[in-house]
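Reproduced below: model-v7.cif, with mmCIF, C-alpha atoms.
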data_query
loop_
_atom_site.label_atom_id
_atom_site.label_comp_id
_atom_site.auth_asym_id
_atom_site.auth_seq_id
_atom_site.Cartn_x
_atom_site.Cartn_y
_atom_site.Cartn_z
CA MET O 1 -23.18 -70.24 -55.53
CA ASP O 2 -19.46 -70.90 -56.05
CA ARG O 3 -18.26 -67.48 -57.22
CA ASP O 4 -14.85 -68.84 -58.26
CA ARG O 5 -16.18 -71.65 -60.48
CA PRO O 6 -16.53 -69.63 -63.73
CA LYS O 7 -13.05 -68.12 -63.45
CA ALA O 8 -11.12 -71.27 -64.44
CA PRO O 9 -12.20 -71.25 -68.12
CA LEU O 10 -11.77 -67.47 -68.18
CA LEU O 11 -8.17 -67.67 -66.95
CA GLU O 12 -7.56 -70.51 -69.39
CA LEU O 13 -8.29 -68.05 -72.20
CA LEU O 14 -5.12 -66.15 -71.27
CA LYS O 15 -3.14 -69.04 -72.76
CA ALA O 16 -4.70 -68.49 -76.17
CA ALA O 17 -2.60 -66.71 -78.81
CA GLY O 18 -2.55 -62.96 -78.27
CA ASN O 19 -4.29 -62.97 -74.90
CA GLY O 20 -1.16 -63.32 -72.76
CA ARG O 21 -0.32 -59.64 -73.18
CA CYS O 22 -2.38 -56.47 -72.80
CA ALA O 23 -4.30 -55.72 -76.00
CA ASP O 24 -3.35 -52.05 -75.79
CA CYS O 25 0.19 -51.70 -74.40
CA GLY O 26 1.62 -55.23 -74.56
CA ALA O 27 2.18 -55.62 -70.81
CA ALA O 28 2.60 -59.26 -69.82
CA ASP O 29 0.01 -61.26 -67.86
CA PRO O 30 -3.09 -59.03 -68.07
CA GLU O 31 -5.49 -59.47 -65.15
CA TRP O 32 -8.38 -57.36 -66.43
CA ALA O 33 -10.71 -57.55 -69.39
CA SER O 34 -13.19 -55.41 -71.31
CA TYR O 35 -16.29 -57.52 -71.64
CA LYS O 36 -17.80 -55.12 -74.20
CA LEU O 37 -14.79 -55.32 -76.53
CA GLY O 38 -13.76 -58.87 -75.70
CA ILE O 39 -10.12 -58.03 -74.89
CA PHE O 40 -7.67 -58.79 -72.09
CA ILE O 41 -5.87 -55.75 -70.66
CA CYS O 42 -3.50 -54.71 -67.87
CA LEU O 43 -4.39 -52.77 -64.74
CA ASN O 44 -3.14 -49.43 -66.12
CA CYS O 45 -5.08 -49.70 -69.37
CA SER O 46 -8.18 -50.90 -67.50
CA GLY O 47 -8.24 -47.52 -65.74
CA ILE O 48 -8.41 -45.78 -69.12
CA HIS O 49 -11.17 -48.13 -70.32
CA ARG O 50 -13.12 -47.44 -67.12
CA ASN O 51 -13.33 -43.79 -68.17
CA LEU O 52 -14.93 -44.80 -71.50
CA PRO O 53 -18.12 -46.53 -70.33
CA GLN O 54 -19.91 -45.88 -73.62
CA ILE O 55 -17.48 -48.17 -75.47
CA SER O 56 -15.90 -50.38 -72.82
CA ARG O 57 -16.77 -52.06 -69.51
CA VAL O 58 -14.10 -53.76 -67.42
CA LYS O 59 -13.90 -56.53 -64.86
CA SER O 60 -11.03 -58.11 -62.94
CA LEU O 61 -10.35 -61.67 -64.06
CA ARG O 62 -9.71 -62.75 -60.46
CA LEU O 63 -11.65 -60.39 -58.21
CA ASP O 64 -14.98 -59.97 -60.02
CA PHE O 65 -17.77 -62.45 -60.70
CA TRP O 66 -18.21 -63.41 -64.35
CA GLU O 67 -21.55 -64.57 -65.73
CA ASN O 68 -21.44 -67.48 -68.16
CA ASP O 69 -22.66 -65.40 -71.10
CA LEU O 70 -19.78 -62.94 -70.61
CA ILE O 71 -17.27 -65.79 -70.53
CA GLU O 72 -18.72 -67.15 -73.76
CA PHE O 73 -18.40 -63.67 -75.31
CA MET O 74 -14.73 -63.54 -74.33
CA LYS O 75 -14.20 -67.01 -75.84
CA LYS O 76 -15.61 -65.84 -79.18
CA HIS O 77 -13.47 -62.70 -79.26
CA GLY O 78 -10.07 -62.06 -77.65
CA ASN O 79 -7.12 -59.82 -78.42
CA LEU O 80 -6.30 -61.09 -81.91
CA CYS O 81 -9.90 -60.68 -83.02
CA ALA O 82 -9.94 -57.09 -81.73
CA LYS O 83 -6.58 -56.35 -83.32
CA THR O 84 -7.86 -57.53 -86.71
CA LYS O 85 -10.82 -55.17 -86.43
CA TYR O 86 -9.49 -52.10 -84.64
CA GLU O 87 -5.88 -52.08 -85.91
CA ALA O 88 -6.52 -52.99 -89.55
CA LYS O 89 -4.99 -49.77 -90.90
CA VAL O 90 -2.53 -48.36 -88.38
CA PRO O 91 -0.14 -46.13 -90.39
CA PRO O 92 3.55 -47.09 -90.12
CA TYR O 93 4.39 -43.71 -88.57
CA TYR O 94 1.72 -43.92 -85.83
CA TYR O 95 3.35 -44.68 -82.50
CA ILE O 96 1.88 -47.71 -80.72
CA PRO O 97 2.61 -47.30 -77.00
CA GLN O 98 4.33 -49.90 -74.87
CA ALA O 99 3.85 -50.72 -71.20
CA CYS O 100 6.63 -48.31 -70.15
CA ASP O 101 5.17 -45.32 -72.01
CA CYS O 102 3.37 -42.38 -70.42
CA LEU O 103 -0.36 -42.34 -69.69
CA VAL O 104 -1.39 -39.81 -72.37
CA LEU O 105 0.11 -41.95 -75.15
CA LYS O 106 -1.85 -44.99 -73.97
CA GLU O 107 -5.06 -43.02 -73.45
CA GLN O 108 -5.02 -41.47 -76.91
CA TRP O 109 -4.13 -44.81 -78.54
CA ILE O 110 -7.09 -46.46 -76.82
CA ARG O 111 -9.43 -43.59 -77.75
CA ALA O 112 -8.18 -43.60 -81.35
CA LYS O 113 -8.75 -47.36 -81.65
CA TYR O 114 -12.09 -47.93 -79.96
CA GLU O 115 -13.78 -44.54 -79.53
CA ARG O 116 -12.90 -42.90 -82.85
CA GLU O 117 -12.21 -46.15 -84.75
CA GLU O 118 -9.44 -44.45 -86.69
CA PHE O 119 -7.79 -47.66 -87.88
CA VAL O 120 -10.70 -49.89 -88.96
CA ALA O 121 -10.62 -51.33 -92.47
CA THR O 122 -13.28 -48.95 -93.82
CA ARG O 123 -11.29 -45.82 -92.91
CA VAL O 124 -9.31 -44.01 -95.60
CA CYS O 125 -5.76 -43.47 -94.35
CA GLN O 126 -4.08 -40.10 -94.71
CA ASP O 127 -0.86 -40.14 -96.69
CA PRO O 128 2.23 -39.25 -94.60
CA CYS O 129 2.64 -35.89 -96.32
CA SER O 130 -0.88 -34.79 -95.33
CA ALA O 131 -0.66 -36.36 -91.87
CA GLY O 132 2.67 -34.58 -91.37
CA SER O 133 1.07 -31.14 -91.63
CA HIS O 134 -0.12 -29.54 -88.40
CA GLU O 135 -0.63 -26.07 -87.00
CA GLY O 136 -1.54 -24.75 -83.58
CA PHE O 137 -0.32 -23.44 -80.26
CA LEU O 138 2.02 -25.10 -77.77
CA TRP O 139 3.46 -23.85 -74.50
CA LYS O 140 7.23 -23.52 -75.03
CA ARG O 141 9.89 -23.03 -72.36
CA GLY O 142 11.96 -19.92 -72.95
CA ARG O 143 15.71 -20.41 -73.23
CA GLU O 144 16.52 -17.34 -71.14
CA SER O 145 13.35 -16.76 -69.12
CA ARG O 146 12.82 -20.47 -68.36
CA GLN O 147 9.09 -19.73 -68.33
CA PHE O 148 6.56 -21.49 -70.55
CA GLN O 149 4.85 -19.18 -73.01
CA LYS O 150 2.26 -19.87 -75.70
CA ARG O 151 3.78 -20.06 -79.17
CA ARG O 152 2.38 -20.85 -82.61
CA PHE O 153 3.93 -23.87 -84.31
CA LEU O 154 3.63 -24.80 -87.98
CA LEU O 155 4.64 -28.25 -89.26
CA SER O 156 4.87 -28.98 -92.99
CA ALA O 157 6.02 -32.37 -94.27
CA ARG O 158 5.86 -31.01 -97.82
CA GLU O 159 8.34 -28.24 -96.97
CA GLY O 160 10.26 -30.53 -94.62
CA MET O 161 10.14 -27.89 -91.89
CA LEU O 162 8.87 -27.20 -88.37
CA LYS O 163 8.57 -23.49 -87.55
CA TYR O 164 7.53 -21.58 -84.45
CA TYR O 165 6.67 -17.95 -83.95
CA THR O 166 7.03 -15.62 -80.98
CA LYS O 167 4.53 -13.09 -82.36
CA GLU O 168 1.91 -13.40 -85.07
CA THR O 169 3.21 -10.33 -86.92
CA LYS O 170 6.82 -11.49 -87.17
CA GLY O 171 8.51 -14.20 -89.17
CA PRO O 172 9.41 -17.54 -87.59
CA LYS O 173 11.72 -17.53 -84.59
CA ALA O 174 13.21 -20.83 -85.76
CA ILE O 175 12.99 -22.98 -88.89
CA ILE O 176 13.84 -26.59 -88.08
CA SER O 177 14.62 -29.15 -90.75
CA ILE O 178 12.62 -32.40 -90.44
CA GLU O 179 15.82 -34.20 -91.46
CA LYS O 180 17.56 -33.16 -88.23
CA LEU O 181 14.57 -33.32 -85.89
CA ASN O 182 13.66 -35.78 -83.14
CA VAL O 183 10.80 -35.74 -80.62
CA MET O 184 10.12 -37.71 -77.45
CA PHE O 185 7.72 -37.56 -74.52
CA GLN O 186 9.34 -36.18 -71.35
CA THR O 187 6.53 -35.96 -68.82
CA GLU O 188 8.74 -36.37 -65.73
CA LYS O 189 11.55 -34.09 -66.88
CA ILE O 190 9.16 -31.29 -67.88
CA GLN O 191 6.84 -32.14 -64.95
CA HIS O 192 3.79 -32.02 -67.17
CA ALA O 193 1.61 -34.96 -68.24
CA HIS O 194 1.62 -33.72 -71.85
CA GLY O 195 5.27 -32.67 -72.17
CA LEU O 196 7.46 -33.17 -75.25
CA GLN O 197 11.16 -32.64 -75.88
CA ILE O 198 12.02 -31.63 -79.46
CA THR O 199 15.69 -31.85 -80.44
CA TYR O 200 17.47 -30.76 -83.59
CA LYS O 201 20.94 -29.95 -84.88
CA THR O 202 21.98 -26.33 -85.26
CA ASN O 203 25.55 -25.14 -85.92
CA GLY O 204 26.93 -28.53 -84.92
CA GLN O 205 25.12 -28.57 -81.57
CA THR O 206 21.99 -30.31 -80.32
CA ARG O 207 19.26 -27.80 -79.44
CA ASN O 208 16.48 -28.79 -77.03
CA LEU O 209 12.96 -27.35 -77.10
CA PHE O 210 10.58 -28.24 -74.26
CA VAL O 211 6.87 -27.88 -75.00
CA TYR O 212 3.50 -29.05 -73.74
CA HIS O 213 -0.19 -28.88 -74.63
CA GLU O 214 -3.04 -28.50 -72.15
CA SER O 215 -4.75 -31.66 -73.42
CA GLY O 216 -4.19 -35.06 -75.01
CA LYS O 217 -3.88 -33.28 -78.37
CA ILE O 218 -0.13 -33.34 -77.72
CA VAL O 219 -0.27 -36.89 -79.12
CA ASP O 220 -1.60 -35.45 -82.39
CA TRP O 221 1.51 -33.26 -82.54
CA PHE O 222 3.75 -36.20 -81.71
CA ASN O 223 2.32 -38.40 -84.46
CA ALA O 224 2.21 -35.53 -86.95
CA ILE O 225 5.95 -35.00 -86.45
CA ARG O 226 6.44 -38.75 -86.83
CA ALA O 227 4.44 -38.66 -90.08
CA ALA O 228 6.61 -35.82 -91.38
CA ARG O 229 9.75 -37.73 -90.41
CA TYR O 230 8.44 -40.87 -92.10
CA HIS O 231 7.65 -38.90 -95.26
CA TYR O 232 11.21 -37.54 -95.30
CA LEU O 233 12.81 -40.96 -94.70
CA ARG O 234 10.58 -42.79 -97.17
CA THR O 235 11.29 -40.30 -99.98
CA THR O 236 15.01 -40.01 -99.17
CA PHE O 237 15.63 -43.75 -98.78
CA PRO O 238 13.03 -45.40 -101.03
CA THR O 239 14.73 -48.82 -101.10
CA VAL O 240 15.23 -49.21 -97.33
CA PRO O 241 12.87 -51.85 -95.86
CA GLU O 242 10.06 -50.62 -93.63
CA SER O 243 11.40 -52.67 -90.72
CA GLU O 244 14.63 -50.62 -90.78
CA LEU O 245 12.98 -47.29 -91.51
CA VAL O 246 10.32 -47.16 -88.79
CA PRO O 247 12.74 -47.38 -85.79
CA ARG O 248 14.54 -44.32 -87.15
CA ILE O 249 11.46 -42.07 -87.24
CA THR O 250 11.87 -40.92 -83.64
CA ARG O 251 13.70 -42.28 -80.62
CA ASN O 252 13.90 -41.97 -76.86
CA TYR O 253 17.15 -41.61 -74.99
CA VAL O 254 18.48 -44.98 -73.79
CA LYS O 255 19.07 -43.57 -70.32
CA GLU O 256 19.02 -40.19 -68.57
CA GLY O 257 19.88 -39.03 -65.10
CA TYR O 258 22.38 -37.32 -62.81
CA MET O 259 26.01 -38.32 -62.42
CA GLU O 260 29.05 -36.43 -61.20
CA LYS O 261 31.87 -35.71 -63.67
CA THR O 262 35.45 -34.52 -63.31
CA GLY O 263 37.67 -32.78 -65.87
CA PRO O 264 40.36 -34.07 -68.26
CA LYS O 265 43.18 -33.85 -65.68
CA GLN O 266 41.14 -36.11 -63.32
CA LYS O 267 42.10 -33.76 -60.48
CA GLU O 268 39.24 -31.29 -60.88
CA THR O 269 36.30 -31.32 -58.48
CA PHE O 270 33.52 -33.70 -59.45
CA LYS O 271 30.45 -31.70 -60.45
CA VAL O 272 26.84 -32.85 -60.75
CA ARG O 273 25.63 -32.99 -64.35
CA TRP O 274 22.52 -34.25 -66.15
CA PHE O 275 23.36 -36.94 -68.74
CA SER O 276 21.39 -38.12 -71.79
CA LEU O 277 22.51 -41.14 -73.81
CA ASP O 278 21.49 -41.07 -77.49
CA SER O 279 22.11 -44.51 -78.99
CA GLN O 280 21.34 -43.50 -82.59
CA GLU O 281 23.81 -40.60 -82.60
CA ARG O 282 26.14 -42.58 -80.29
CA ASN O 283 26.52 -39.52 -78.05
CA LEU O 284 26.52 -39.09 -74.29
CA LEU O 285 25.42 -35.49 -73.74
CA TYR O 286 25.83 -33.70 -70.41
CA PHE O 287 24.04 -30.59 -69.15
CA LYS O 288 24.21 -28.32 -66.13
CA ASN O 289 20.42 -28.68 -65.76
CA PRO O 290 17.96 -31.18 -67.32
CA LEU O 291 16.00 -28.45 -69.16
CA ASP O 292 18.97 -26.59 -70.64
CA ALA O 293 18.68 -25.65 -74.31
CA PHE O 294 22.23 -26.75 -75.12
CA ALA O 295 24.62 -29.33 -73.68
CA LEU O 296 27.86 -28.37 -71.94
CA GLY O 297 29.51 -31.10 -73.96
CA GLN O 298 29.13 -34.52 -75.50
CA ILE O 299 31.14 -37.74 -75.64
CA PHE O 300 31.11 -39.87 -78.77
CA ILE O 301 30.64 -43.59 -78.04
CA GLY O 302 32.42 -45.78 -80.59
CA ARG O 303 32.93 -49.56 -80.77
CA MET O 304 35.01 -51.77 -78.48
CA ASP O 305 37.44 -52.66 -81.30
CA GLU O 306 38.05 -48.91 -81.65
CA GLY O 307 39.08 -48.60 -78.00
CA TYR O 308 35.81 -47.76 -76.25
CA GLU O 309 34.70 -49.41 -73.01
CA ALA O 310 32.66 -48.58 -69.89
CA ARG O 311 34.16 -50.05 -66.70
CA ALA O 312 33.08 -50.11 -63.08
CA GLY O 313 35.29 -48.13 -60.71
CA LEU O 314 37.79 -45.30 -61.04
CA PRO O 315 41.54 -45.44 -61.83
CA GLN O 316 44.01 -45.70 -58.95
CA GLY O 317 45.16 -42.36 -57.64
CA VAL O 318 41.89 -40.53 -58.30
CA CYS O 319 40.86 -38.84 -55.07
CA VAL O 320 37.15 -38.93 -54.29
CA LYS O 321 35.73 -37.70 -51.00
CA LYS O 322 32.48 -39.61 -51.37
CA THR O 323 32.29 -43.38 -51.14
CA LYS O 324 30.03 -43.80 -54.14
CA PRO O 325 30.35 -46.16 -57.13
CA GLY O 326 32.28 -44.83 -60.10
CA ILE O 327 32.47 -45.44 -63.85
CA THR O 328 35.45 -45.10 -66.18
CA MET O 329 34.45 -44.42 -69.78
CA VAL O 330 37.48 -45.36 -71.89
CA THR O 331 37.90 -43.69 -75.29
CA PRO O 332 40.93 -43.61 -77.63
CA THR O 333 41.84 -40.06 -76.55
CA ARG O 334 41.05 -39.99 -72.81
CA GLU O 335 39.20 -41.57 -69.92
CA PHE O 336 36.03 -39.90 -68.66
CA LEU O 337 35.27 -40.43 -64.97
CA PHE O 338 31.79 -40.42 -63.44
CA ILE O 339 30.35 -40.99 -59.97
CA CYS O 340 26.88 -42.50 -59.56
CA GLU O 341 24.44 -42.11 -56.70
CA ASN O 342 24.22 -45.84 -55.97
CA ASP O 343 25.14 -49.32 -57.25
CA LYS O 344 21.91 -49.67 -59.21
CA GLU O 345 22.56 -46.49 -61.17
CA GLN O 346 26.13 -47.58 -61.82
CA ARG O 347 25.01 -50.94 -63.25
CA GLU O 348 22.32 -49.32 -65.41
CA TRP O 349 24.72 -46.74 -66.86
CA ILE O 350 27.44 -49.32 -67.57
CA ASP O 351 24.92 -51.62 -69.26
CA ALA O 352 23.51 -48.72 -71.33
CA LEU O 353 26.93 -47.44 -72.39
CA ASN O 354 28.24 -50.89 -73.29
CA GLY O 355 25.00 -51.55 -75.15
CA VAL O 356 25.76 -48.58 -77.42
CA ILE O 357 29.39 -49.69 -77.76
CA ALA O 358 28.18 -53.12 -78.92
CA GLN O 359 26.03 -51.60 -81.69
CA PRO O 360 27.45 -51.70 -85.22
CA LEU O 361 28.31 -48.32 -86.65
CA THR O 362 25.85 -47.13 -89.28
CA GLY O 363 26.55 -44.96 -92.26
#

Will you turn the file into structure tokens for me?
Amino acid sequence: MDRDRPKAPLLELLKAAGNGRCADCGAADPEWASYKLGIFICLNCSGIHRNLPQISRVKSLRLDFWENDLIEFMKKHGNLCAKTKYEAKVPPYYYIPQACDCLVLKEQWIRAKYEREEFVATRVCQDPCSAGSHEGFLWKRGRESRQFQKRRFLLSAREGMLKYYTKETKGPKAIISIEKLNVMFQTEKIQHAHGLQITYKTNGQTRNLFVYHESGKIVDWFNAIRAARYHYLRTTFPTVPESELVPRITRNYVKEGYMEKTGPKQKETFKVRWFSLDSQERNLLYFKNPLDAFALGQIFIGRMDEGYEARAGLPQGVCVKKTKPGITMVTPTREFLFICENDKEQREWIDALNGVIAQPLTG
């Protein structure tokens, strides 16, 4: 029997609308499929589906043999059909992972869709105020001890607050306004598969909290905070279109990593610092260590017509012992000088910085 014969019509299905990208994370050119759900998926998502045999069974489009009846099933279904069924009622605050996102986000999205069927048309959706209420324990990194300890967290969209407690008998250690709060997954930085970074403004500074949960329930926390943020934004800005509101619920940093930085006289020793670029706040923050609670400083990134620009190289006369690529960040008041580890990092930082400079200023 010609084992490759059935694959031609199967691969042809990838050209149909919706099938050219992974049904779960949007990665281009999926090479796997779930023949129980009738969807085309990428290699990474296929691994998650493989662990859910009660709801999904996977095959490679190119490496496995496909029986004719399975091909016919795929023809009758496909990604758009599955999306109509399993994503009928995804709340606007629920984060839909992309190909670049961490594994736990993708896993819990897939489980929520197919295993728990949380978004099918017959489900009653929680309102953002209810969905933005959550209580439980998270492991939080201590500011001074730098050790992770179990702490009770209480989120209330109705109150517009996130609180955490060091001991059950005492009042909250911190009360964080939802208005000033952001949350992002930071699995590599925290070195935990379920790690989150929570940031908020306090006394004019950005405060970082690093937390994790032992299980995939960290995604419940993430989406609960997003629901609380959405509730705040929707009630505060009732006339703003959804398309403008949703991107402001939470955000990731545009780029993070190590660079070396000198002082304002440009004669000081270059010192290694950890940098985080926040495009929404238009700030480049720098830290002594990646998990520090507060930044050593921050650089506002304005527009080019205001005198801001990121250039390759360093000004003449600046003495550098290392032959590494540099960046000059021009602002109206001074030039900030950085040294990157390699040419690739230099290009990525310049592109990221100039990308923020090119953004229009928002009120």

When the PyMOL selection byres ((chain O and resi 226) around 8) is applied to the file above, which residues end up in the set, as number ranges by chain? O: 93-95, 132, 222-225, 227-230, 249-250

Nearby residues (only C-alpha atoms) at most 8 Å from O:Pro332, same-chain spacing under 2 positions excluded, as a list of chain:residue names: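 Near neighbours after the sequence-gap exclusion: O:Glu306, O:Gly307, O:Tyr308, O:Val330, O:Arg334.
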
On this file, the PyMOL selection byres ((chain O and resi 296-304) around 12) gives some set of residues; write that set as a VMD selection string. chain O and resid 204 to 207 261 263 273 to 290 292 to 295 305 to 311 329 to 337 352 to 362

Show me, as a VMD selection string, the residues that have an atom within 12 Å of O:His213 when counting only C-alpha atoms, minus same-chain residues fewer than 2 positions from it. chain O and resid 104 136 to 141 148 to 153 185 187 190 192 to 196 210 to 211 215 to 222

Please write the residues picked by the PyMOL selection byres ((chain O and resi 165) around 9) on this file as JSON, numbers by chain. {"O": [151, 152, 153, 154, 163, 164, 166, 167, 168, 169, 170, 171, 172, 173, 174]}

How far is it from atom CA of O:Glu67 to atom CA of O:Ala8, in Å with one decimal?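 About the pair atom CA of O:Glu67 and atom CA of O:Ala8: they are 12.5 Å apart.
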
Identify, on the basis of all atoms listed in the file, every residue whose closest approach to O:Thr323 does not exceed 10 Å; exclude the query and any residue fewer than 3 positions from it along the same chain; express the result as an mmCIF file with C-alpha atoms, in the coordinates of the input.
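out_9.cif was written with the following content:
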data_model
loop_
_atom_site.group_PDB
_atom_site.id
_atom_site.type_symbol
_atom_site.label_atom_id
_atom_site.label_comp_id
_atom_site.auth_asym_id
_atom_site.auth_seq_id
_atom_site.Cartn_x
_atom_site.Cartn_y
_atom_site.Cartn_z
ATOM 1 C CA VAL O 320 37.150 -38.930 -54.290
ATOM 2 C CA GLY O 326 32.280 -44.830 -60.100
ATOM 3 C CA ILE O 339 30.350 -40.990 -59.970
ATOM 4 C CA GLU O 341 24.440 -42.110 -56.700
ATOM 5 C CA ASN O 342 24.220 -45.840 -55.970
#

I want to know what sits within 12 Å of stretch 49-66 of chain O, based on only C-alpha atoms, with residues of the same chain fewer than 6 positions away left out; could you give that as a PyMOL selection string? chain O and resi 1-14+23-24+29-43+72-74+106-117

Mind pulling up the distance from atom CA of O:Gly78 to atom CA of O:Ala17?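 Computed distance, atom CA of O:Ala17 to atom CA of O:Gly78, equals 8.9 Å.
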
Could you list, as a list in words, every residue within 10 Å of stretch 235-243 of chain O, counting only C-alpha atoms and ignoring same-chain residues fewer than 4 positions away?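 Returned residues: Pro92, Glu179, Tyr230, His231, Pro247 and Arg248 of chain O.
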
Prev. selection, C-alpha atoms, output as a short mmCIF file (atom, residue, chain, number, x, y, z; two decimals), keeping the file's coordinate frame:
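Printed below is part_10.cif as written:
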data_model
loop_
_atom_site.label_atom_id
_atom_site.label_comp_id
_atom_site.auth_asym_id
_atom_site.auth_seq_id
_atom_site.Cartn_x
_atom_site.Cartn_y
_atom_site.Cartn_z
CA PRO O 92 3.55 -47.09 -90.12
CA GLU O 179 15.82 -34.20 -91.46
CA TYR O 230 8.44 -40.87 -92.10
CA HIS O 231 7.65 -38.90 -95.26
CA PRO O 247 12.74 -47.38 -85.79
CA ARG O 248 14.54 -44.32 -87.15
#

Report the distance between atom CA of O:Lys324 and atom CA of O:Glu345 in Å, rounded to one decimal place.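 Going from atom CA of O:Lys324 over to atom CA of O:Glu345 covers 10.6 Å.
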
Identify which of the residues O:Arg347, O:Lys75, O:Lys255, O:Arg234 lies closest to O:Asp127, counting all atoms listed in the file when measuring atom-to-atom distances.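 Selected residue with least distance to O:Asp127: O:Arg234.
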
List the residues sitting within 9 Å of (-1.2, -31.8, -93.2) in the file's frame, using only C-alpha atoms, as a list in words.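 It turns out the residues near that spot are Gln126, Pro128, Cys129, Ser130, Ala131, Gly132, Ser133, His134, Glu135, Leu155, Ser156, Ala157, Arg158, Ala224 and Ala228 of chain O.
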
Preceding selection exported with C-alpha atoms as a PDB file, keeping the file's coordinate frame:
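Output below, filename selection-v2.pdb:
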ATOM      1  CA  GLN O 126      -4.080 -40.100 -94.710  1.00  0.00           C
ATOM      2  CA  PRO O 128       2.230 -39.250 -94.600  1.00  0.00           C
ATOM      3  CA  CYS O 129       2.640 -35.890 -96.320  1.00  0.00           C
ATOM      4  CA  SER O 130      -0.880 -34.790 -95.330  1.00  0.00           C
ATOM      5  CA  ALA O 131      -0.660 -36.360 -91.870  1.00  0.00           C
ATOM      6  CA  GLY O 132       2.670 -34.580 -91.370  1.00  0.00           C
ATOM      7  CA  SER O 133       1.070 -31.140 -91.630  1.00  0.00           C
ATOM      8  CA  HIS O 134      -0.120 -29.540 -88.400  1.00  0.00           C
ATOM      9  CA  GLU O 135      -0.630 -26.070 -87.000  1.00  0.00           C
ATOM     10  CA  LEU O 155       4.640 -28.250 -89.260  1.00  0.00           C
ATOM     11  CA  SER O 156       4.870 -28.980 -92.990  1.00  0.00           C
ATOM     12  CA  ALA O 157       6.020 -32.370 -94.270  1.00  0.00           C
ATOM     13  CA  ARG O 158       5.860 -31.010 -97.820  1.00  0.00           C
ATOM     14  CA  ALA O 224       2.210 -35.530 -86.950  1.00  0.00           C
ATOM     15  CA  ALA O 228       6.610 -35.820 -91.380  1.00  0.00           C
TER      16      ALA O 228
END

Taking all listed atoms of stretch 203-218 of chain O, build the axis-aligned box, pad each of the six sides by 5 Å, then write its centre and edge lengths in Å to one decimal as JSON.
{"center_x": 11.1, "center_y": -30.1, "center_z": -79.0, "size_x": 41.7, "size_y": 19.9, "size_z": 23.8}
